[in-house]
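Coordinates as given in final-v6.csv (CSV, C-alpha atoms):
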```csv
chain,number,residue,atom,x,y,z
A,3,MET,CA,127.3,46.5,103.9
A,4,VAL,CA,130.0,47.3,106.4
A,5,ILE,CA,131.1,50.8,107.1
A,6,LYS,CA,134.9,50.9,107.3
A,7,VAL,CA,136.7,53.7,109.2
A,8,PHE,CA,140.4,53.8,108.8
A,9,LEU,CA,142.1,55.1,111.9
A,10,ALA,CA,145.6,55.6,113.3
A,11,SER,CA,145.6,54.4,116.8
A,12,SER,CA,149.2,55.6,117.6
A,13,SER,CA,149.0,58.9,115.8
A,14,GLY,CA,150.9,61.7,117.6
A,15,SER,CA,148.7,64.4,116.1
A,16,THR,CA,146.1,65.8,118.5
A,17,ALA,CA,144.0,67.1,115.6
A,18,ILE,CA,143.9,63.6,113.9
A,19,LYS,CA,142.9,62.0,117.2
A,20,LYS,CA,140.1,64.5,117.8
A,21,LYS,CA,138.7,64.0,114.3
A,22,GLN,CA,138.8,60.2,114.7
A,23,GLN,CA,137.0,60.4,118.0
A,24,ASP,CA,134.4,62.7,116.5
A,25,VAL,CA,133.6,60.3,113.7
A,26,VAL,CA,133.5,57.2,115.8
A,27,GLY,CA,131.5,58.9,118.6
A,28,PHE,CA,128.8,60.1,116.1
A,29,LEU,CA,128.5,56.7,114.5
A,30,GLU,CA,128.0,55.1,117.9
A,31,ALA,CA,125.4,57.7,118.8
A,32,LEU,CA,123.4,56.9,115.7
A,33,LYS,CA,123.9,53.2,116.4
A,34,ILE,CA,125.5,52.6,113.0
A,35,ASP,CA,127.6,49.5,112.8
A,36,TYR,CA,131.2,50.1,111.6
A,37,ALA,CA,134.5,48.4,111.5
A,38,PRO,CA,137.6,50.4,112.8
A,39,LEU,CA,140.7,49.5,110.8
A,40,ASP,CA,144.0,50.6,112.2
A,41,ILE,CA,146.6,51.7,109.7
A,42,ALA,CA,149.3,52.2,112.3
A,43,SER,CA,149.6,48.5,113.3
A,44,ASN,CA,148.5,46.9,110.0
A,45,GLU,CA,150.3,47.7,106.8
A,46,ASP,CA,147.7,46.0,104.6
A,47,ASN,CA,145.0,48.4,106.0
A,48,ARG,CA,147.3,51.4,105.3
A,49,MET,CA,148.0,50.3,101.7
A,50,TRP,CA,144.4,49.5,101.0
A,51,MET,CA,143.3,52.9,102.2
A,52,ARG,CA,145.9,54.8,100.1
A,53,GLU,CA,145.0,52.8,97.0
A,54,ASN,CA,141.3,53.3,97.3
A,55,VAL,CA,141.0,56.9,98.2
A,56,PRO,CA,140.2,58.7,94.8
A,57,GLY,CA,143.1,60.8,93.4
A,58,GLU,CA,141.1,64.0,93.5
A,59,LYS,CA,140.5,63.5,97.2
A,60,LYS,CA,144.1,63.0,98.1
A,61,PRO,CA,146.2,65.9,99.5
A,62,THR,CA,149.0,67.4,97.4
A,63,ASN,CA,151.6,65.0,98.8
A,64,GLY,CA,149.5,62.0,97.7
A,65,ILE,CA,149.1,60.5,101.2
A,66,PRO,CA,145.6,60.6,102.6
A,67,LEU,CA,145.4,61.1,106.4
A,68,PRO,CA,142.9,59.3,108.7
A,69,PRO,CA,140.1,59.2,109.3
A,70,GLN,CA,138.9,57.9,105.9
A,71,ILE,CA,135.5,56.3,105.6
A,72,PHE,CA,134.3,53.6,103.2
A,73,ASN,CA,131.1,51.6,102.7
A,74,GLU,CA,132.6,48.3,101.7
A,75,GLU,CA,134.8,49.3,98.7
A,76,MET,CA,132.8,52.5,98.0
A,77,TYR,CA,134.6,55.6,99.1
A,78,CYS,CA,132.4,57.9,101.3
A,79,GLY,CA,134.8,60.7,102.3
A,80,ASP,CA,137.2,62.1,104.8
A,81,TYR,CA,136.6,64.0,108.1
A,82,ASP,CA,135.7,67.3,106.3
A,83,THR,CA,133.0,65.8,104.1
A,84,PHE,CA,131.7,63.8,107.1
A,85,PHE,CA,131.4,67.0,109.2
A,86,GLU,CA,129.5,68.7,106.4
A,87,ALA,CA,127.1,65.8,106.1
A,88,LYS,CA,126.6,65.8,109.9
A,89,GLU,CA,125.8,69.6,109.8
A,90,ASP,CA,123.3,69.0,107.0
A,91,ASN,CA,121.6,66.0,108.6
A,92,THR,CA,122.7,63.8,105.6
A,93,VAL,CA,125.0,61.4,107.3
A,94,TYR,CA,123.1,58.3,106.1
A,95,GLU,CA,123.2,59.6,102.6
A,96,PHE,CA,126.9,60.3,103.0
A,97,LEU,CA,127.5,56.7,104.2
A,98,GLY,CA,125.3,55.2,101.4
A,99,LEU,CA,122.7,53.9,104.0
A,100,THR,CA,118.9,54.2,104.1
A,101,PRO,CA,117.9,56.5,107.0
A,102,PRO,CA,115.7,54.8,109.6
A,103,PRO,CA,112.0,55.8,109.7
A,104,GLY,CA,111.4,58.8,112.0
A,105,SER,CA,114.9,60.2,111.7
A,106,LYS,CA,115.3,63.8,110.5
A,107,GLU,CA,117.1,62.6,107.4
A,108,ALA,CA,114.2,60.3,106.6
A,109,GLN,CA,111.6,63.1,107.0
A,110,GLN,CA,113.7,65.4,104.8
A,111,ALA,CA,114.0,62.7,102.2
A,112,GLU,CA,110.3,62.0,102.2
A,113,LYS,CA,109.5,65.7,101.9
A,114,ALA,CA,111.9,66.2,99.1
A,115,GLN,CA,110.4,63.2,97.3
A,116,LYS,CA,106.9,64.5,97.6
A,117,LEU,CA,108.0,68.0,96.4
A,118,HIS,CA,109.7,66.3,93.5
A,119,ASN,CA,106.5,64.4,92.6
A,120,GLY,CA,104.6,67.7,92.7
A,121,SER,CA,102.6,67.0,95.9
A,122,GLY,CA,103.1,68.5,99.3
A,123,THR,CA,102.4,67.2,102.7
A,124,GLU,CA,99.2,68.0,104.5
A,125,GLU,CA,101.2,70.2,106.8
A,126,ASP,CA,102.5,72.1,103.8
A,127,LEU,CA,99.0,72.3,102.4
A,128,ASP,CA,97.7,73.7,105.7
A,129,ASP,CA,100.5,76.2,105.7
A,130,ASP,CA,99.6,77.2,102.1
A,131,THR,CA,96.0,77.4,103.1
A,132,THR,CA,96.8,79.5,106.1
A,133,LYS,CA,99.0,81.8,104.0
A,134,LYS,CA,96.2,82.1,101.5
A,135,ASP,CA,93.7,82.9,104.2
A,136,LEU,CA,96.0,85.5,105.6
A,137,VAL,CA,96.5,87.1,102.2
A,138,GLU,CA,92.7,87.2,101.6
A,139,ALA,CA,92.2,88.6,105.1
A,140,GLU,CA,94.7,91.3,104.5
A,141,GLN,CA,93.1,92.1,101.1
A,142,ASN,CA,89.7,92.2,102.7
A,143,GLY,CA,91.0,94.3,105.5
A,144,ASP,CA,92.5,96.7,102.9
A,145,ALA,CA,89.2,96.8,101.1
A,146,ASN,CA,87.3,97.4,104.3
A,147,THR,CA,89.7,100.1,105.1
A,148,GLU,CA,89.2,101.7,101.7
A,149,GLU,CA,85.4,101.5,102.1
A,150,ASP,CA,85.6,103.0,105.6
A,151,SER,CA,87.9,105.7,104.3
A,152,GLY,CA,85.4,106.4,101.5
A,153,GLU,CA,82.5,106.5,103.9
A,154,LYS,CA,84.4,108.7,106.3
A,155,ALA,CA,85.3,111.1,103.4
A,156,GLU,CA,81.6,111.1,102.3
A,157,THR,CA,80.4,111.8,105.9
A,158,ASP,CA,83.0,114.6,106.3
A,159,ALA,CA,81.9,116.1,103.0
A,160,GLN,CA,78.2,116.0,104.1
A,161,GLU,CA,79.1,117.6,107.4
A,162,GLU,CA,81.0,120.3,105.6
A,163,ASN,CA,78.1,120.9,103.2
A,164,ALA,CA,75.8,121.0,106.2
A,165,GLU,CA,78.0,123.6,107.9
A,166,GLU,CA,78.1,125.6,104.7
A,167,LYS,CA,74.4,125.3,104.4
A,168,GLU,CA,73.6,126.5,107.9
A,169,PRO,CA,75.4,129.8,107.6
A,170,ALA,CA,73.5,130.3,104.3
A,171,GLU,CA,70.2,129.6,106.0
A,172,GLU,CA,71.1,132.0,108.8
A,173,ASP,CA,72.0,134.7,106.2
A,174,GLU,CA,68.7,134.1,104.5
A,175,GLU,CA,66.8,134.5,107.8
A,176,SER,CA,68.8,137.6,108.7
A,177,ARG,CA,68.0,139.1,105.3
A,178,LYS,CA,64.3,138.4,105.8
A,179,VAL,CA,64.3,140.0,109.3
A,180,ALA,CA,66.2,143.0,108.0
A,181,GLU,CA,63.7,143.4,105.1
A,182,GLU,CA,60.8,143.2,107.6
A,183,GLU,CA,62.4,145.8,109.9
A,184,GLU,CA,63.0,148.1,106.9
A,185,GLN,CA,59.4,147.6,105.8
A,186,GLU,CA,58.2,148.5,109.3
A,187,GLU,CA,60.4,151.5,109.5
A,188,GLY,CA,59.1,152.6,106.1
A,189,GLU,CA,55.5,152.3,107.2
A,190,GLU,CA,56.3,154.3,110.4
A,191,ASP,CA,57.9,157.0,108.2
A,192,ARG,CA,54.9,157.1,105.9
A,193,VAL,CA,52.6,157.5,108.9
A,194,GLU,CA,54.8,160.2,110.3
A,195,ASP,CA,54.9,162.0,107.0
A,196,ASN,CA,51.1,161.8,106.7
A,197,HIS,CA,50.8,163.2,110.1
A,198,LEU,CA,53.1,166.1,109.2
A,199,VAL,CA,51.2,166.7,106.0
A,200,SER,CA,48.0,166.8,107.9
A,201,GLU,CA,49.4,169.2,110.4
A,202,ALA,CA,50.7,171.4,107.6
A,203,GLU,CA,47.3,171.4,105.9
A,204,ASP,CA,45.6,172.3,109.2
A,205,ASP,CA,48.0,175.2,109.6
A,206,LEU,CA,47.4,176.3,106.0
A,207,VAL,CA,43.6,176.2,106.6
A,208,SER,CA,43.9,178.1,109.8
A,209,GLU,CA,45.9,180.8,108.1
A,210,GLU,CA,43.4,181.1,105.3
A,211,GLU,CA,40.5,181.4,107.7
A,212,GLU,CA,42.4,184.1,109.6
A,213,GLU,CA,43.0,186.0,106.4
A,214,LEU,CA,39.3,185.7,105.5
A,215,ARG,CA,38.3,186.9,108.9
A,216,GLU,CA,40.5,189.9,108.7
A,217,LEU,CA,39.2,190.8,105.3
A,218,GLU,CA,35.6,190.6,106.6
A,219,GLU,CA,36.5,192.9,109.5
A,220,GLU,CA,38.1,195.4,107.1
A,221,GLU,CA,35.0,195.4,104.9
A,222,GLU,CA,32.7,195.9,107.8
A,223,GLN,CA,34.7,198.9,109.0
A,224,ALA,CA,34.7,200.4,105.6
A,225,SER,CA,30.9,200.0,105.4
A,226,GLU,CA,30.5,201.8,108.7
A,227,GLU,CA,32.6,204.7,107.6
A,228,ASP,CA,30.6,205.2,104.5
```
Would you mind writing the file's structure down as structure tokens?
Amino acid sequence: MVIKVFLASSSGSTAIKKKQQDVVGFLEALKIDYAPLDIASNEDNRMWMRENVPGEKKPTNGIPLPPQIFNEEMYCGDYDTFFEAKEDNTVYEFLGLTPPPGSKEAQQAEKAQKLHNGSGTEEDLDDDTTKKDLVEAEQNGDANTEEDSGEKAETDAQEENAEEKEPAEEDEESRKVAEEEEQEEGEEDRVEDNHLVSEAEDDLVSEEEEELRELEEEEEQASEED
């Protein structure tokens, strides 16, 4: 199969010359064999190109401008479609050629074929495995975080209960101490009261003895007078 590139060697348009150089230069860089066909110096080439460019690909005036690219008699496209293929790394597909092994286009075609068949490359599988591991790690991390949060909340609650319990225990001890102090004070009061009662009884006894003594003295005096 021969790639045919129809050119205009004597074109006065700078834009056309640039497009032609771009196409030819890229084909040479890829080491793709092609046949340049001049439409300026060869009327047959010009007529053949105009007749074989599809009607929907022709401009409104019906005259296609170079560069126009064919693979034998099969129409490939003009400069615009060639540029799009170059940007998408699909030039070999655009030209109807099989991409050489190791080229980006060959790798893309192989990957697309495997995806179409429902199987991925080892690299894709590794990527999927890595993503799965990452997701599991994130989930485990979230779970651990929740567990840690739960443990922390439980610890905080225990500490709060302990803090609440400590004042309660202190209040209980204070109450006991206060009761003991009140009990001691009550005993002291009782002792003091007993002491006062004893003193009062002693005073009463003393007064009675004094009265009895006075009565005896009065009786003695009365007896002496008689």
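As for atom CA of Asn119 of chain A and atom CA of Gly104 of chain A, they are spaced 20.8 Å apart.
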Item checked: Within 12 Å of file point (128.4, 47.3, 114.9), counting only C-alpha atoms, expressed as an MDAnalysis selection string -> chainID A and resid 3:7 26 29:38
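When all atoms listed in the file are used to compute distances to Gly79 of chain A, the closest of the residues A:Met51, A:Glu182, A:Thr100, A:Asn91 turns out to be A:Met51.
Using all atoms listed in the file, the residues found no farther than 9 Å from segment 43-47 of chain A, other than those of its own chain fewer than 5 positions away, are Phe8, Ala10, Ser11, Ser12 and Arg52 of chain A.
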Legend entry - Long-range neighbours of segment 101-103 of chain A as an NGL selection string, 12 Å cut-off, only C-alpha atoms, 5 positions minimum in chain: :A and (32-34 or 91-96 or 108-112)
Atom pair atom CA of Trp50 of chain A + atom CA of Glu89 of chain A, distance 28.8 Å
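Taking atom CA of Ser176 of chain A as the reference point, atom CA of Gln160 of chain A is found at 24.0 Å.
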Return segment 212-223 of chain A, completed with all heavy atoms, as a short mmCIF file (atom, residue, chain, number, x, y, z; two decimals), keeping the file's coordinate frame.
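Final output, result.cif:
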```
data_model
loop_
_atom_site.label_atom_id
_atom_site.label_comp_id
_atom_site.auth_asym_id
_atom_site.auth_seq_id
_atom_site.Cartn_x
_atom_site.Cartn_y
_atom_site.Cartn_z
N GLU A 212 42.05 182.82 108.95
CA GLU A 212 42.40 184.10 109.60
C GLU A 212 42.42 185.24 108.66
O GLU A 212 41.92 186.35 108.97
CB GLU A 212 43.80 183.91 110.27
CG GLU A 212 44.24 185.12 111.05
CD GLU A 212 43.39 185.33 112.28
OE1 GLU A 212 42.77 184.34 112.76
OE2 GLU A 212 43.34 186.46 112.78
N GLU A 213 42.95 184.97 107.43
CA GLU A 213 43.00 186.00 106.40
C GLU A 213 41.55 186.45 106.03
O GLU A 213 41.24 187.64 105.87
CB GLU A 213 43.76 185.58 105.20
CG GLU A 213 45.25 185.47 105.47
CD GLU A 213 46.01 184.97 104.26
OE1 GLU A 213 45.36 184.63 103.24
OE2 GLU A 213 47.26 184.88 104.32
N LEU A 214 40.69 185.44 105.84
CA LEU A 214 39.30 185.70 105.50
C LEU A 214 38.61 186.52 106.57
O LEU A 214 37.86 187.48 106.31
CB LEU A 214 38.52 184.44 105.20
CG LEU A 214 38.88 183.71 103.91
CD1 LEU A 214 38.17 182.37 103.88
CD2 LEU A 214 38.52 184.54 102.69
N ARG A 215 38.89 186.18 107.80
CA ARG A 215 38.30 186.90 108.90
C ARG A 215 38.71 188.35 108.95
O ARG A 215 37.90 189.25 109.17
CB ARG A 215 38.60 186.17 110.22
CG ARG A 215 37.80 186.71 111.42
CD ARG A 215 38.14 185.91 112.63
NE ARG A 215 39.58 185.99 112.96
CZ ARG A 215 40.13 187.05 113.56
NH1 ARG A 215 39.40 188.06 113.90
NH2 ARG A 215 41.43 187.03 113.79
N GLU A 216 40.03 188.53 108.70
CA GLU A 216 40.50 189.90 108.70
C GLU A 216 39.92 190.73 107.59
O GLU A 216 39.57 191.93 107.75
CB GLU A 216 42.07 189.90 108.59
CG GLU A 216 42.75 189.33 109.84
CD GLU A 216 44.27 189.27 109.69
OE1 GLU A 216 44.75 189.57 108.56
OE2 GLU A 216 44.97 188.91 110.66
N LEU A 217 39.78 190.09 106.39
CA LEU A 217 39.20 190.80 105.30
C LEU A 217 37.74 191.18 105.59
O LEU A 217 37.26 192.29 105.24
CB LEU A 217 39.22 189.94 104.00
CG LEU A 217 40.60 189.76 103.36
CD1 LEU A 217 40.50 188.76 102.23
CD2 LEU A 217 41.13 191.11 102.84
N GLU A 218 37.01 190.32 106.22
CA GLU A 218 35.60 190.60 106.60
C GLU A 218 35.54 191.77 107.54
O GLU A 218 34.68 192.65 107.42
CB GLU A 218 34.97 189.38 107.17
CG GLU A 218 34.72 188.30 106.12
CD GLU A 218 34.15 187.04 106.75
OE1 GLU A 218 34.05 186.99 108.00
OE2 GLU A 218 33.81 186.09 106.02
N GLU A 219 36.47 191.77 108.48
CA GLU A 219 36.50 192.90 109.50
C GLU A 219 36.76 194.19 108.78
O GLU A 219 36.15 195.22 109.10
CB GLU A 219 37.50 192.58 110.55
CG GLU A 219 37.07 191.43 111.45
CD GLU A 219 38.11 191.16 112.52
OE1 GLU A 219 39.20 191.79 112.46
OE2 GLU A 219 37.88 190.29 113.41
N GLU A 220 37.72 194.17 107.83
CA GLU A 220 38.10 195.40 107.10
C GLU A 220 36.87 195.91 106.31
O GLU A 220 36.58 197.12 106.25
CB GLU A 220 39.27 195.19 106.23
CG GLU A 220 40.57 194.96 107.00
CD GLU A 220 41.74 194.66 106.09
OE1 GLU A 220 41.52 194.57 104.86
OE2 GLU A 220 42.89 194.51 106.58
N GLU A 221 36.16 194.98 105.65
CA GLU A 221 35.00 195.40 104.90
C GLU A 221 33.93 195.96 105.75
O GLU A 221 33.25 196.93 105.39
CB GLU A 221 34.46 194.17 104.08
CG GLU A 221 35.39 193.73 102.96
CD GLU A 221 34.90 192.49 102.27
OE1 GLU A 221 33.87 191.92 102.70
OE2 GLU A 221 35.51 192.06 101.27
N GLU A 222 33.73 195.40 106.93
CA GLU A 222 32.70 195.90 107.80
C GLU A 222 33.07 197.32 108.29
O GLU A 222 32.20 198.22 108.38
CB GLU A 222 32.58 195.00 109.05
CG GLU A 222 31.91 193.67 108.69
CD GLU A 222 31.86 192.72 109.89
OE1 GLU A 222 32.37 193.10 110.95
OE2 GLU A 222 31.32 191.63 109.72
N GLN A 223 34.31 197.55 108.58
CA GLN A 223 34.70 198.90 109.00
C GLN A 223 34.55 199.90 107.91
O GLN A 223 34.14 201.06 108.15
CB GLN A 223 36.23 198.85 109.45
CG GLN A 223 36.45 198.04 110.74
CD GLN A 223 37.92 197.99 111.12
OE1 GLN A 223 38.76 198.49 110.36
NE2 GLN A 223 38.19 197.36 112.25
#
```
